[in-house]
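Note sheet for the following structure.
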Amino acid sequence: MQSKITGGATTVLFKTKVLNKYEITYYKCVETGFIQTEEPYWLEEAYSSAITKLDIGLVYRNEHLRAKVIEILNQYFNVKEKYLDYAGGYGLFTRLMRDQGYDFYHTDVYCKNLFAEYFQLSDLPDHTKFELVTAFEVFEHLPNPLAEIEMMTKHSDSILFSTELVPQTPLNSTEDWWYFIPETGQHVALYTEKSLAYLAAKFGFNFYTDGVNTHLFTKKFFPENPFRMQRDPFLIRKMRKMVKKYDKKQNPERETLLQKDWEHIKNKLS
């Protein structure tokens, strides 16, 4: 089987059951260490519920990501521009960001938008460009990563995303790493840092990562890694008091869009 990242050779990693009934094979890209399943014929069944019962961390994850994203947007991007949350599930992250004053919109072809209705990609003019696209817990779901990433690049020159990096320890079964989650059958593409760097180069992006689970593809160049401060909790604690006043002055808290959005939706409904 060819690697879906490089098109080159793969080796068989191991076999296991997904959805507790289909025995399938995982393959490893020889060049980058990227892990993929065989062609995922079970996805229609796996997505009978887009958000799985195992995803009980959805609310916590979105709250945690909001703080991380706001810090990056304030320092490195134009906070007055529009943003798109790609494959955004129920629309919770879009709602959380709009509540903080950031003009986010939502798109997801598989999941009903519950929290950000009227603030969808389809509500904007065709070919709207965004300052940045977010794609959290999306990349591991992509059966054809190159095609889907290319789709994201049509919306923006920057993609901020999360996916757990493959550990460097030997993987002999799904028991060796929690992120395989074969019970749901939805994680079909798993990335090493080297495979993400390969993808970034292929699409002409600069690549930044926290080395764990949050990453940035962007045409912008930054003299330092935007995740550097977030990777050193001790340094953050030490410097937070010193920079707090400065940050507030440079990046004043933005007015929430909650009331304006409520009025907008009310007008739509009436």
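Chain lettering (A, B, ...) mirrors the order of the structure tokens, residue numbering begins at 1 for each chain separately, and ligand numbering begins at 1 in order of display.
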Quiz item: Can you tell me, as number ranges by chain, what residues are no more than 12 Å from A:Lys53 when counting only C-alpha atoms, ignoring any on the same chain fewer than 6 positions away?
Solution: A: 46-47, 181, 183-184
Quiz item: What lies within 6 Å of stretch 209-217 of chain A using only C-alpha atoms, ignoring chain neighbours under 3 positions off, as a PyMOL selection string?
Solution: chain A and resi 158-165+205-206+227
Self-check item: All strand (DSSP E or B) positions in stretch 6-248 of chain A, as a PyMOL selection string
Solution: chain A and resi 10-18+22-29+35-37+82-86+103-107+120+130+132-136+156+158-162+165+189-191+206-209+214-218
Exercise. Name the residues in contact with A:Glu81 at a cut-off of 8 Å, using only C-alpha atoms, excluding same-chain residues fewer than 4 positions from it; report them as a VMD selection string.
Key: chain A and resid 103 130 to 131
Save out the residues we just selected, N, CA and C atoms, as a PDB file, in the first residue's frame.
ATOM      1  N   ASP A 103     -14.466  36.973  15.172  1.00  0.00           N
ATOM      2  CA  ASP A 103     -15.472  36.769  14.124  1.00  0.00           C
ATOM      3  C   ASP A 103     -15.288  35.401  13.452  1.00  0.00           C
ATOM      4  N   PHE A 130     -10.289  33.780   4.699  1.00  0.00           N
ATOM      5  CA  PHE A 130     -10.214  33.921   6.147  1.00  0.00           C
ATOM      6  C   PHE A 130      -8.773  34.171   6.578  1.00  0.00           C
ATOM      7  N   GLU A 131      -8.628  34.898   7.673  1.00  0.00           N
ATOM      8  CA  GLU A 131      -7.307  35.147   8.229  1.00  0.00           C
ATOM      9  C   GLU A 131      -6.642  33.833   8.631  1.00  0.00           C
TER      10      GLU A 131
END
